[in-house]
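Structure file upload-v6.cif with mmCIF, C-alpha atoms and all ligand atoms:
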```cif
data_upload
#
loop_
_atom_site.label_atom_id
_atom_site.label_comp_id
_atom_site.auth_asym_id
_atom_site.auth_seq_id
_atom_site.Cartn_x
_atom_site.Cartn_y
_atom_site.Cartn_z
CA MET A 1 74.23 73.54 67.35
CA LYS A 2 70.93 74.08 69.19
CA PRO A 3 69.99 77.80 69.47
CA ASP A 4 69.96 79.17 73.00
CA PRO A 5 66.79 80.55 74.50
CA PRO A 6 66.92 84.39 74.21
CA THR A 7 66.88 85.06 77.94
CA ASN A 8 67.26 83.22 81.18
CA THR A 9 64.62 84.09 83.75
CA ALA A 10 66.66 83.26 86.86
CA ALA A 11 70.20 84.55 87.40
CA PRO A 12 72.51 81.68 88.41
CA ALA A 13 74.17 81.47 91.82
CA ARG A 14 77.11 83.84 92.03
CA PHE A 15 80.17 82.29 90.39
CA LEU A 16 81.98 85.34 88.97
CA ASP A 17 83.99 87.90 90.91
CA TYR A 18 81.86 90.63 89.41
CA ASP A 19 84.06 93.56 90.41
CA LYS A 20 87.01 91.89 88.72
CA SER A 21 84.98 91.46 85.55
CA LEU A 22 84.07 95.17 85.66
CA ALA A 23 87.76 96.04 85.51
CA CYS A 24 87.49 95.44 81.75
CA ILE A 25 87.15 98.86 80.13
CA HIS A 26 86.48 97.40 76.65
CA CYS A 27 89.57 99.06 75.17
CA GLY A 28 90.27 96.08 72.91
CA LEU A 29 94.05 96.24 73.38
CA CYS A 30 94.09 92.53 74.13
CA LEU A 31 92.44 91.46 70.89
CA SER A 32 95.56 91.28 68.75
CA SER A 33 97.29 89.12 71.39
CA CYS A 34 94.51 86.55 71.59
CA PRO A 35 95.30 83.47 69.47
CA THR A 36 91.68 82.43 68.99
CA TYR A 37 90.67 85.94 67.92
CA LEU A 38 93.64 86.03 65.53
CA GLU A 39 92.33 82.83 63.96
CA THR A 40 88.56 83.47 63.86
CA GLY A 41 88.25 87.27 63.95
CA ASN A 42 85.10 86.73 66.02
CA GLU A 43 84.65 89.12 68.97
CA ASN A 44 83.11 86.28 71.00
CA ASP A 45 86.44 84.47 70.69
CA SER A 46 88.33 87.43 72.14
CA PRO A 47 89.02 88.20 75.82
CA ARG A 48 86.71 91.22 75.75
CA GLY A 49 83.92 89.20 74.16
CA ARG A 50 84.32 86.32 76.58
CA ILE A 51 84.24 88.58 79.62
CA TYR A 52 81.04 90.06 78.21
CA LEU A 53 79.56 86.57 77.81
CA MET A 54 80.59 85.55 81.35
CA ARG A 55 78.88 88.63 82.75
CA ALA A 56 75.77 88.04 80.66
CA VAL A 57 75.51 84.50 82.08
CA GLN A 58 76.05 85.79 85.61
CA ASP A 59 73.38 88.46 85.12
CA GLY A 60 70.92 85.91 83.76
CA ARG A 61 70.76 87.75 80.42
CA LEU A 62 72.20 84.72 78.61
CA ALA A 63 71.44 81.05 79.29
CA LEU A 64 74.32 78.72 80.01
CA GLY A 65 73.80 77.07 76.62
CA GLN A 66 75.93 76.21 73.63
CA THR A 67 76.75 79.83 72.69
CA ALA A 68 78.37 80.80 75.96
CA VAL A 69 79.96 77.40 76.55
CA ARG A 70 81.35 77.16 73.02
CA HIS A 71 83.23 80.46 73.18
CA VAL A 72 84.53 79.81 76.69
CA ASP A 73 85.59 76.28 75.71
CA LEU A 74 87.53 77.67 72.77
CA CYS A 75 89.62 79.86 75.08
CA LEU A 76 93.12 78.40 75.50
CA GLY A 77 93.59 79.84 78.96
CA CYS A 78 96.94 81.11 77.64
CA ARG A 79 96.54 84.44 79.47
CA ALA A 80 98.20 86.43 76.70
CA CYS A 81 95.36 88.91 77.23
CA GLU A 82 96.32 89.44 80.88
CA ALA A 83 99.89 90.27 79.95
CA VAL A 84 98.85 93.21 77.75
CA CYS A 85 95.77 94.49 79.58
CA PRO A 86 96.26 98.12 80.74
CA SER A 87 93.42 97.74 83.22
CA GLY A 88 94.92 94.73 85.02
CA VAL A 89 91.99 92.41 84.33
CA GLN A 90 92.64 89.05 86.01
CA TYR A 91 91.27 87.07 83.13
CA GLY A 92 92.65 83.68 84.27
CA GLU A 93 90.70 83.91 87.50
CA LEU A 94 87.47 84.87 85.73
CA LEU A 95 87.96 81.97 83.32
CA GLU A 96 88.58 79.40 86.06
CA SER A 97 85.47 80.31 88.01
CA THR A 98 83.36 80.33 84.83
CA ARG A 99 84.68 76.92 83.84
CA ASP A 100 83.94 75.58 87.30
CA HIS A 101 80.36 76.87 86.92
CA ILE A 102 80.03 75.32 83.44
CA GLU A 103 81.20 71.89 84.63
CA ARG A 104 78.69 71.94 87.46
CA HIS A 105 75.68 73.03 85.41
CA HIS A 106 76.20 72.21 81.75
CA GLU A 107 75.66 68.77 80.26
CA ARG A 108 78.56 67.68 78.05
CA SER A 109 78.40 65.20 75.16
CA PRO A 110 79.45 61.64 76.14
CA TRP A 111 82.76 62.06 74.26
CA GLN A 112 83.62 65.31 76.03
CA GLN A 113 82.58 63.74 79.34
CA PHE A 114 84.95 60.85 78.68
CA LEU A 115 87.83 63.15 77.77
CA ARG A 116 87.34 65.60 80.60
CA ARG A 117 86.17 63.50 83.55
CA TRP A 118 87.94 60.25 82.78
CA LEU A 119 91.03 60.59 80.59
CA ILE A 120 92.17 64.04 81.74
CA GLU A 121 91.15 63.81 85.40
CA LYS A 122 91.50 60.11 86.17
CA VAL A 123 94.50 59.11 84.05
CA PHE A 124 96.84 62.05 83.28
CA PRO A 125 97.43 63.17 86.88
CA TYR A 126 98.56 59.67 87.92
CA PRO A 127 101.92 58.59 86.45
CA GLU A 128 101.32 54.83 86.88
CA ARG A 129 97.92 55.01 85.16
CA MET A 130 99.31 57.16 82.38
CA ASP A 131 102.19 54.75 81.86
CA LEU A 132 99.66 51.90 81.49
CA ALA A 133 97.36 53.92 79.22
CA LEU A 134 100.28 54.75 76.93
CA MET A 135 101.14 51.10 76.36
CA PRO A 136 98.74 50.46 73.43
CA ALA A 137 99.91 53.72 71.83
CA ARG A 138 103.52 52.60 72.11
CA TRP A 139 102.67 49.25 70.45
CA VAL A 140 100.81 50.95 67.62
CA LYS A 141 103.85 53.17 67.01
CA GLN A 142 106.33 50.35 67.39
CA PHE A 143 104.57 48.19 64.78
CA GLY A 144 103.87 51.12 62.44
CA MET A 145 100.10 50.72 62.58
CA GLU A 146 99.27 54.46 62.73
CA ARG A 147 97.85 54.49 59.19
CA LEU A 148 95.12 52.01 60.22
CA LEU A 149 93.67 54.56 62.67
CA PRO A 150 91.04 57.23 61.96
CA THR A 151 92.41 60.79 61.55
CA PHE A 152 91.49 62.06 65.04
CA ALA A 153 93.22 59.05 66.66
CA ARG A 154 96.28 59.51 64.42
CA ASP A 155 96.47 63.18 65.42
CA ALA A 156 96.22 62.29 69.11
CA LEU A 157 98.88 59.62 68.68
CA SER A 158 101.23 62.05 66.95
CA LEU A 159 101.45 63.95 70.25
CA ILE A 160 102.98 60.98 72.05
CA PRO A 161 106.78 60.87 71.79
CA ASP A 162 108.24 57.89 69.91
CA GLU A 163 110.33 57.03 72.88
CA THR A 164 109.07 57.69 76.38
CA THR A 165 111.31 57.16 79.34
CA SER A 166 109.97 56.81 82.85
CA ALA A 167 112.29 56.14 85.74
CA PRO A 168 111.97 57.04 89.42
CA LEU A 169 114.22 59.86 90.59
CA PRO A 170 116.37 59.56 93.72
CA ALA A 171 114.63 61.14 96.72
CA MET A 172 117.82 63.00 97.65
CA VAL A 173 121.02 63.97 95.86
CA LYS A 174 123.61 65.73 98.00
CA ALA A 175 125.65 68.59 96.60
CA GLY A 176 129.19 67.62 95.52
CA GLY A 177 131.04 70.01 97.86
CA GLU A 178 129.69 72.44 100.41
CA SER A 179 125.97 72.81 99.80
CA ARG A 180 124.59 76.22 98.78
CA GLY A 181 121.09 75.21 99.94
CA ARG A 182 118.35 72.64 99.79
CA VAL A 183 116.17 72.65 96.66
CA GLY A 184 112.90 70.72 96.38
CA PHE A 185 112.18 69.41 92.89
CA VAL A 186 108.65 68.94 91.53
CA SER A 187 108.88 66.01 89.12
CA GLY A 188 105.39 66.40 87.57
CA CYS A 189 102.98 63.81 86.15
CA VAL A 190 103.55 64.15 82.40
CA MET A 191 107.20 65.01 82.97
CA SER A 192 107.90 61.93 85.06
CA VAL A 193 106.23 59.56 82.57
CA MET A 194 107.17 61.03 79.21
CA PHE A 195 110.24 63.11 80.03
CA ALA A 196 112.19 61.30 82.73
CA GLU A 197 115.41 62.21 80.92
CA THR A 198 114.48 65.91 81.13
CA ASN A 199 113.91 65.54 84.85
CA ALA A 200 117.33 63.92 85.16
CA SER A 201 118.87 66.85 83.21
CA THR A 202 117.13 69.27 85.57
CA MET A 203 118.51 67.52 88.62
CA ARG A 204 122.01 67.61 87.13
CA LEU A 205 121.71 71.36 86.50
CA ILE A 206 120.63 72.04 90.09
CA HIS A 207 123.28 69.71 91.45
CA ARG A 208 126.00 71.23 89.26
CA ALA A 209 125.06 74.64 90.67
CA GLY A 210 126.03 73.30 94.13
CA PHE A 211 122.70 72.54 95.79
CA ASP A 212 121.19 69.46 97.46
CA VAL A 213 118.19 68.24 95.44
CA VAL A 214 115.22 66.69 97.23
CA THR A 215 112.44 65.03 95.18
CA PRO A 216 109.81 64.00 97.73
CA PRO A 217 108.20 60.71 96.59
CA GLY A 218 104.78 61.61 98.06
CA GLN A 219 104.18 64.56 95.72
CA GLY A 220 101.33 64.40 93.19
CA CYS A 221 99.72 66.31 90.35
CA CYS A 222 100.00 70.09 90.78
CA GLY A 223 96.25 70.40 90.13
CA ALA A 224 96.47 72.39 86.88
CA LEU A 225 94.64 69.73 84.86
CA PHE A 226 91.74 69.98 87.31
CA ALA A 227 91.73 73.77 87.62
CA HIS A 228 91.87 74.37 83.86
CA GLY A 229 89.13 71.81 83.32
CA GLY A 230 86.81 73.55 85.77
CA ASN A 231 87.22 71.27 88.80
CA LEU A 232 88.51 73.61 91.49
CA GLU A 233 87.73 71.25 94.37
CA GLU A 234 90.11 68.59 93.03
CA ALA A 235 92.69 71.29 92.31
CA ARG A 236 92.51 72.38 95.98
CA ALA A 237 92.90 68.78 97.17
CA ALA A 238 96.02 68.40 94.98
CA ALA A 239 97.41 71.66 96.39
CA ARG A 240 96.93 70.57 100.02
CA ARG A 241 98.73 67.29 99.41
CA ASN A 242 101.75 68.95 97.78
CA ILE A 243 102.01 71.64 100.44
CA ALA A 244 102.12 69.02 103.20
CA VAL A 245 104.71 66.91 101.35
CA PHE A 246 107.06 69.82 100.66
CA GLU A 247 106.71 71.17 104.21
CA GLN A 248 108.01 67.84 105.45
CA ALA A 249 110.91 68.00 103.02
CA GLN A 250 112.07 71.28 104.61
CA VAL A 251 113.41 72.91 101.48
CA ASP A 252 114.45 76.53 100.92
CA THR A 253 113.22 76.70 97.31
CA ILE A 254 110.89 74.61 95.15
CA VAL A 255 111.99 74.27 91.52
CA ILE A 256 109.79 73.13 88.66
CA ASN A 257 110.68 72.61 84.99
CA ALA A 258 107.15 72.61 83.51
CA ALA A 259 105.72 76.10 82.94
CA GLY A 260 102.07 75.07 83.25
CA CYS A 261 102.63 73.33 86.58
CA GLY A 262 104.85 76.15 87.87
CA SER A 263 102.15 78.69 87.25
CA MET A 264 99.66 76.53 89.19
CA LEU A 265 102.07 76.03 92.12
CA LYS A 266 102.58 79.79 92.34
CA GLU A 267 98.81 80.21 92.60
CA TYR A 268 98.22 77.88 95.57
CA GLY A 269 98.08 80.92 97.84
CA HIS A 270 95.19 82.26 95.82
CA LEU A 271 93.51 78.90 95.33
CA LEU A 272 93.32 78.25 99.09
CA ARG A 273 92.79 81.87 100.21
CA ASP A 274 89.39 81.08 101.74
CA ASP A 275 90.54 78.01 103.66
CA PRO A 276 91.70 79.23 107.10
CA ALA A 277 93.63 76.04 107.86
CA TRP A 278 95.64 76.21 104.65
CA ALA A 279 95.73 79.82 103.43
CA GLU A 280 98.99 80.80 105.18
CA ARG A 281 100.70 77.49 104.42
CA ALA A 282 99.69 77.83 100.76
CA ARG A 283 101.05 81.37 100.58
CA ARG A 284 104.34 80.23 102.10
CA PHE A 285 104.59 77.33 99.66
CA SER A 286 103.90 79.54 96.62
CA SER A 287 106.48 82.09 97.72
CA LYS A 288 109.18 79.40 97.44
CA VAL A 289 108.30 78.23 93.93
CA ARG A 290 110.66 79.10 91.06
CA ASP A 291 110.65 78.10 87.45
CA LEU A 292 113.94 76.37 86.61
CA THR A 293 114.96 79.22 84.27
CA GLU A 294 114.36 82.04 86.76
CA TRP A 295 116.11 80.03 89.44
CA LEU A 296 119.17 79.26 87.27
CA ALA A 297 119.41 82.91 86.22
CA ALA A 298 119.11 84.04 89.85
CA VAL A 299 121.72 81.71 91.34
CA GLY A 300 124.09 83.13 88.74
CA GLU A 301 126.13 79.99 88.32
CA PRO A 302 128.09 79.95 85.03
CA ILE A 303 127.02 76.38 84.38
CA VAL A 304 127.00 76.57 80.60
CA ARG A 305 129.33 78.05 78.03
CA GLY A 306 128.95 78.72 74.34
CA THR A 307 129.79 75.98 71.84
CA ASN A 308 130.94 76.30 68.27
CA CYS A 309 127.69 74.99 66.83
CA SER A 310 126.68 76.99 63.74
CA ALA A 311 123.03 75.89 63.38
CA LYS A 312 120.43 78.48 64.35
CA VAL A 313 118.60 78.18 67.67
CA THR A 314 115.29 79.79 68.57
CA TYR A 315 113.04 79.98 71.61
CA HIS A 316 109.28 79.51 71.99
CA ASP A 317 107.60 81.21 74.98
CA ALA A 318 105.34 78.76 76.82
CA CYS A 319 102.18 80.74 77.67
CA HIS A 320 102.26 79.81 81.33
CA LEU A 321 105.81 81.02 81.64
CA ALA A 322 105.63 84.21 79.56
CA HIS A 323 102.12 85.37 80.41
CA ALA A 324 101.13 83.74 83.68
CA GLN A 325 104.39 84.05 85.62
CA PRO A 326 105.62 86.29 83.61
CA ILE A 327 109.14 85.18 82.68
CA GLU A 328 110.59 85.98 79.27
CA LYS A 329 114.08 87.30 79.90
CA ALA A 330 115.64 84.51 82.01
CA PRO A 331 115.21 81.66 79.49
CA ARG A 332 116.46 83.86 76.65
CA THR A 333 119.53 84.84 78.69
CA LEU A 334 120.30 81.18 79.32
CA VAL A 335 119.76 80.07 75.72
CA ARG A 336 121.73 83.02 74.34
CA ALA A 337 124.62 82.18 76.69
CA VAL A 338 124.97 78.92 74.80
CA ALA A 339 123.78 79.80 71.31
CA GLY A 340 125.50 83.18 71.04
CA GLU A 341 125.21 84.63 67.53
CA THR A 342 123.21 81.66 66.30
CA PHE A 343 120.18 82.66 68.41
CA VAL A 344 117.26 84.01 66.39
CA GLU A 345 113.96 85.31 67.69
CA LEU A 346 110.86 83.35 66.71
CA PRO A 347 108.08 85.46 65.14
CA GLU A 348 104.97 85.33 67.33
CA SER A 349 107.02 83.49 69.94
CA ASN A 350 104.45 84.28 72.62
CA VAL A 351 101.39 83.13 70.62
CA CYS A 352 100.12 79.79 71.93
CA CYS A 353 101.14 76.68 69.95
CA GLY A 354 97.70 75.13 70.55
CA SER A 355 98.76 72.66 73.22
CA ALA A 356 97.37 74.54 76.24
CA GLY A 357 97.32 71.65 78.70
CA SER A 358 94.70 69.23 77.43
CA TYR A 359 93.22 71.68 74.89
CA ASN A 360 94.61 69.76 71.92
CA LEU A 361 92.43 66.83 72.98
CA THR A 362 89.23 68.73 73.77
CA GLU A 363 89.52 71.30 70.93
CA PRO A 364 91.56 69.52 68.24
CA GLU A 365 90.49 71.75 65.35
CA MET A 366 91.66 75.07 66.80
CA ALA A 367 94.70 73.33 68.30
CA ALA A 368 95.68 72.14 64.80
CA ARG A 369 95.28 75.63 63.33
CA LEU A 370 97.55 77.12 65.96
CA GLN A 371 100.00 74.25 65.58
CA GLN A 372 100.29 75.00 61.86
CA ARG A 373 100.75 78.73 62.57
CA LYS A 374 103.57 77.90 65.01
CA THR A 375 105.19 75.45 62.57
CA ASP A 376 105.16 78.04 59.79
CA ASN A 377 106.81 80.59 62.08
CA ILE A 378 109.50 78.12 63.16
CA LEU A 379 110.30 77.24 59.56
CA LYS A 380 110.60 80.94 58.68
CA THR A 381 113.51 81.31 61.14
CA GLY A 382 115.60 78.54 59.58
CA ALA A 383 116.40 77.33 63.11
CA LYS A 384 117.36 73.70 63.60
CA THR A 385 116.76 73.77 67.34
CA VAL A 386 113.66 75.11 69.11
CA VAL A 387 114.02 75.46 72.86
CA THR A 388 111.05 75.70 75.19
CA THR A 389 110.01 75.11 78.80
CA ASN A 390 106.80 73.10 78.87
CA PRO A 391 106.08 69.46 77.98
CA GLY A 392 102.80 70.23 76.18
CA CYS A 393 104.52 72.76 73.88
CA LEU A 394 107.30 70.27 73.15
CA LEU A 395 104.88 67.56 72.06
CA GLN A 396 102.69 69.94 70.08
CA MET A 397 105.57 71.55 68.17
CA ARG A 398 107.30 68.23 67.51
CA ALA A 399 104.08 66.81 66.08
CA GLY A 400 103.53 69.93 63.95
CA LEU A 401 107.05 69.84 62.50
CA LYS A 402 106.77 66.12 61.82
CA LYS A 403 103.46 66.62 59.98
CA SER A 404 105.13 69.30 57.84
CA GLY A 405 108.01 66.98 56.99
CA ALA A 406 110.58 69.12 58.85
CA HIS A 407 112.41 66.14 60.31
CA ASP A 408 115.69 68.03 60.71
CA VAL A 409 114.33 70.50 63.28
CA GLU A 410 114.58 69.39 66.91
CA VAL A 411 112.39 70.70 69.73
CA VAL A 412 114.08 70.40 73.11
CA HIS A 413 113.31 71.27 76.69
CA ILE A 414 115.58 73.99 78.04
CA ALA A 415 116.88 71.66 80.77
CA ASP A 416 118.02 69.12 78.16
CA TYR A 417 119.49 71.85 75.99
CA LEU A 418 121.51 73.46 78.80
CA ASP A 419 122.61 70.16 80.29
CA ARG A 420 123.63 68.75 76.90
CA GLU A 421 125.61 71.84 75.97
CA ALA A 422 127.25 72.06 79.40
CA ARG A 423 128.35 68.46 79.09
CA ARG A 424 129.66 69.05 75.58
CA ALA A 425 131.55 72.11 76.80
CA ASN A 426 133.07 70.10 79.66
CA ASP A 427 134.14 67.36 77.23
CA ASP A 428 135.95 69.89 74.99
S1 LIG A 501 92.79 94.85 77.31
FE1 LIG A 501 91.83 94.46 79.31
S2 LIG A 501 90.44 96.20 79.60
FE2 LIG A 501 90.97 96.17 77.42
S3 LIG A 501 89.33 94.92 76.47
FE3 LIG A 501 91.00 93.51 76.94
S4 LIG A 501 90.48 92.69 78.96
FE4 LIG A 501 89.23 94.54 78.67
S1 LIG A 502 93.37 83.30 77.65
FE1 LIG A 502 94.31 83.31 75.58
S2 LIG A 502 92.73 82.43 74.23
FE2 LIG A 502 91.72 82.99 76.17
S3 LIG A 502 90.93 85.05 75.83
FE3 LIG A 502 92.95 85.32 76.77
S4 LIG A 502 94.37 85.50 75.03
FE4 LIG A 502 92.44 84.66 74.22
#
```
The structure given in the file should be rewritten as structure tokens.
Amino acid sequence: MKPDPPTNTAAPARFLDYDKSLACIHCGLCLSSCPTYLETGNENDSPRGRIYLMRAVQDGRLALGQTAVRHVDLCLGCRACEAVCPSGVQYGELLESTRDHIERHHERSPWQQFLRRWLIEKVFPYPERMDLALMPARWVKQFGMERLLPTFARDALSLIPDETTSAPLPAMVKAGGESRGRVGFVSGCVMSVMFAETNASTMRLIHRAGFDVVTPPGQGCCGALFAHGGNLEEARAAARRNIAVFEQAQVDTIVINAAGCGSMLKEYGHLLRDDPAWAERARRFSSKVRDLTEWLAAVGEPIVRGTNCSAKVTYHDACHLAHAQPIEKAPRTLVRAVAGETFVELPESNVCCGSAGSYNLTEPEMAARLQQRKTDNILKTGAKTVVTTNPGCLLQMRAGLKKSGAHDVEVVHIADYLDREARRANDD
């Protein structure tokens, strides 16, 4: 790594909300919640250290070189720090604006450029492109050729499910009897390509609760992949498109089953706050967004009942549900309703599994360390089912358990878990 010059003579254009950064009172209460600090023990890899680095760059006391970029890159954006901060520091916002500044002014290596600007921004947000891009990976898996690949490619491949289902969802499903309302469903990019069955489970859950389900075909990426990668302009463009599409659909509520996307959708109001033509529309849109778990808990429909299954079940908190939204109780209530006495808490449930959107591609080493930490914790519980709420966490934990040889532990999305158990209960 090239050493940075000791000082920067000219302060960069203002990118940081400085007052918000000053809210940090350096108490250090966030340190023990920060996964990267837990792993490295380096203050620069803690929230407090990163805020200090951001401010130093903004002040012109530190060049935007490898040191600052490295420690900001290593941040998972999990926002565990925000959840415990007594001073209310809005770390996620500080991080996004710093990342936007880095992407505009820092030169990345060709490999990082390829990952960030091409694969993550030009392929992942577009279901048809992702479907095409996954084809070679599916062939490699189908013909058992993984062992011919170099380690980094094998690790990346291990994140892709053995079987991916992608099928278009019906634009409208009417409630069986008298409708309790009209729910818009966000089908997601990764979800619609890799987890079409989970989307179908979600629709069944909403439908079974007595609501019409509308899945507008014109919807696109929520923008999280852009925002987390430091491309706020593209994130805003994605937000405008989705707002317009869901306005046309005239829905009362907008339900999403992917925690990372849900957190982004709830932030449209903030993302477009300085755009007079869209600010109010964005606020209105965000106010309608509900994670599937909070929505199911709120509508209070007894759609699942306990089964007699004796195997232990545990729950992993997706960062963008537990910290960013913050929703911890609703999913546990739903899982406990089914699992009953077999539910066990997962140690460090709210510590990131290392997936963090596209982090496991851009920072594979730290992602693997956190994956191993999560796997060890899951194995300690003795659970045979791990329930969670985000596609990235599902893939990351499945790959980790597979690597450890724990083939008898399943990781399932909460929609699939609830739908499966409700159907079993109805069959009994
Ligand atoms: S808990 Fe909040 S105020 Fe304390 S060091 Fe961390 S970010 Fe700063
Ligand atoms: S977002 Fe997560 S990884 Fe980043 S500083 Fe906060 S707790 Fe640490």
Calculate how many Å separate CA of Thr314 in chain A from CA of Glu197 in chain A, rounding to one decimal.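 It comes out at 21.5 Å.
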For ligand LIG 501 (chain A), the closest of A:Thr36, A:Ser97, A:Gln396, A:Ser46 counting all atoms listed in the file is A:Ser46
| said: Could you tell me how far CA of Gly184 in chain A sits from CA of Gln250 in chain A, in Å to one decimal place? | reply: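 Between CA of Gln250 in chain A and CA of Gly184 in chain A the gap works out to 8.3 Å.
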Using all atoms listed in the file, the best pick from A:Leu53, A:Ala415, A:Leu16, A:Val89 as closest to ligand LIG 501 (chain A) would be A:Val89
Computed gap from CA of Asn390 in chain A to CA of Pro47 in chain A is 23.5 Å
Protein and nucleic acid residues within 7 Å of ligand LIG 501 (chain A) (only C-alpha atoms and all ligand atoms) as a short mmCIF file (atom, residue, chain, number, x, y, z; two decimals) with C-alpha atoms, in the frame of the given file:
```
data_model
loop_
_atom_site.label_atom_id
_atom_site.label_comp_id
_atom_site.auth_asym_id
_atom_site.auth_seq_id
_atom_site.Cartn_x
_atom_site.Cartn_y
_atom_site.Cartn_z
CA ALA A 23 87.76 96.04 85.51
CA CYS A 24 87.49 95.44 81.75
CA ILE A 25 87.15 98.86 80.13
CA HIS A 26 86.48 97.40 76.65
CA CYS A 27 89.57 99.06 75.17
CA GLY A 28 90.27 96.08 72.91
CA LEU A 29 94.05 96.24 73.38
CA CYS A 30 94.09 92.53 74.13
CA LEU A 31 92.44 91.46 70.89
CA PRO A 47 89.02 88.20 75.82
CA ARG A 48 86.71 91.22 75.75
CA CYS A 81 95.36 88.91 77.23
CA GLU A 82 96.32 89.44 80.88
CA VAL A 84 98.85 93.21 77.75
CA CYS A 85 95.77 94.49 79.58
CA PRO A 86 96.26 98.12 80.74
CA SER A 87 93.42 97.74 83.22
CA GLY A 88 94.92 94.73 85.02
CA VAL A 89 91.99 92.41 84.33
#
```
Expected answer as an mmCIF file with C-alpha atoms, in the frame of the given file: residues within 9 Å of ligand LIG 502 (chain A), all atoms listed in the file:
```cif
data_model
loop_
_atom_site.group_PDB
_atom_site.id
_atom_site.type_symbol
_atom_site.label_atom_id
_atom_site.label_comp_id
_atom_site.auth_asym_id
_atom_site.auth_seq_id
_atom_site.Cartn_x
_atom_site.Cartn_y
_atom_site.Cartn_z
ATOM 1 C CA CYS A 30 94.090 92.530 74.130
ATOM 2 C CA LEU A 31 92.440 91.460 70.890
ATOM 3 C CA SER A 32 95.560 91.280 68.750
ATOM 4 C CA SER A 33 97.290 89.120 71.390
ATOM 5 C CA CYS A 34 94.510 86.550 71.590
ATOM 6 C CA PRO A 35 95.300 83.470 69.470
ATOM 7 C CA THR A 36 91.680 82.430 68.990
ATOM 8 C CA TYR A 37 90.670 85.940 67.920
ATOM 9 C CA LEU A 38 93.640 86.030 65.530
ATOM 10 C CA ASP A 45 86.440 84.470 70.690
ATOM 11 C CA SER A 46 88.330 87.430 72.140
ATOM 12 C CA PRO A 47 89.020 88.200 75.820
ATOM 13 C CA ARG A 48 86.710 91.220 75.750
ATOM 14 C CA GLY A 49 83.920 89.200 74.160
ATOM 15 C CA ARG A 50 84.320 86.320 76.580
ATOM 16 C CA ILE A 51 84.240 88.580 79.620
ATOM 17 C CA VAL A 72 84.530 79.810 76.690
ATOM 18 C CA LEU A 74 87.530 77.670 72.770
ATOM 19 C CA CYS A 75 89.620 79.860 75.080
ATOM 20 C CA LEU A 76 93.120 78.400 75.500
ATOM 21 C CA GLY A 77 93.590 79.840 78.960
ATOM 22 C CA CYS A 78 96.940 81.110 77.640
ATOM 23 C CA ARG A 79 96.540 84.440 79.470
ATOM 24 C CA ALA A 80 98.200 86.430 76.700
ATOM 25 C CA CYS A 81 95.360 88.910 77.230
ATOM 26 C CA GLU A 82 96.320 89.440 80.880
ATOM 27 C CA ALA A 83 99.890 90.270 79.950
ATOM 28 C CA TYR A 91 91.270 87.070 83.130
ATOM 29 C CA GLY A 92 92.650 83.680 84.270
ATOM 30 C CA LEU A 95 87.960 81.970 83.320
ATOM 31 C CA CYS A 319 102.180 80.740 77.670
ATOM 32 C CA VAL A 351 101.390 83.130 70.620
ATOM 33 C CA CYS A 352 100.120 79.790 71.930
#
```
With 5 Å of padding per side, what axis-aligned box (centre and edge lengths, Å, one decimal) covers all the listed atoms of range 186-191 of chain A? Give it as JSON.
```
{"center_x": 105.9, "center_y": 66.4, "center_z": 87.0, "size_x": 15.9, "size_y": 15.1, "size_z": 19.1}
```
- [ ] Name all residues at most 9 Å from Tyr18 in chain A (count all atoms listed in the file; drop same-chain ones fewer than 4 positions away) and give them as a ChimeraX atom specification.
- [x] /A:14,22-23,55,58,94
Quiz item: With distances taken over all atoms listed in the file, which of A:Asn360, A:Thr215, A:Thr202, A:Thr381 is nearest to Ser158 in chain A?
Solution: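 With all atoms listed in the file as the atom set, the closest residue is A:Asn360.
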| request: Write out as a list in words which residues come within 10 Å of Phe124 in chain A when counting only C-alpha atoms, dropping same-chain ones fewer than 6 positions away. | output: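 After dropping sequence-adjacent residues, the list is Trp118, Met130, Asp131, Ala133, Cys189, Val190, Val193, Cys221, Leu225 and Ser358 of chain A.
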Of A:Cys393, A:Leu361, A:Val313, A:Ile414, the one nearest to Ile120 in chain A when counting all atoms listed in the file is A:Leu361
Exercise: Tyr268 in chain A partners within 9 Å, all atoms listed in the file, chain neighbours under 6 positions left out, as a PyMOL selection string:
chain A and resi 236+239-240+243+279+282-283+285-286
* Nearest residue to Glu328 in chain A from the set A:Ala259, A:Leu62, A:Ala368, A:Val245 (distances using only C-alpha atoms) ->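 Closest to Glu328 in chain A of all the choices is A:Ala259.
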(request) Tell me which of A:Glu178, A:Glu294, A:Glu39, A:Glu128 sits closest to Leu334 in chain A, counting only C-alpha atoms. (result)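 Answer, going by the shortest atom-to-atom distance: A:Glu294.
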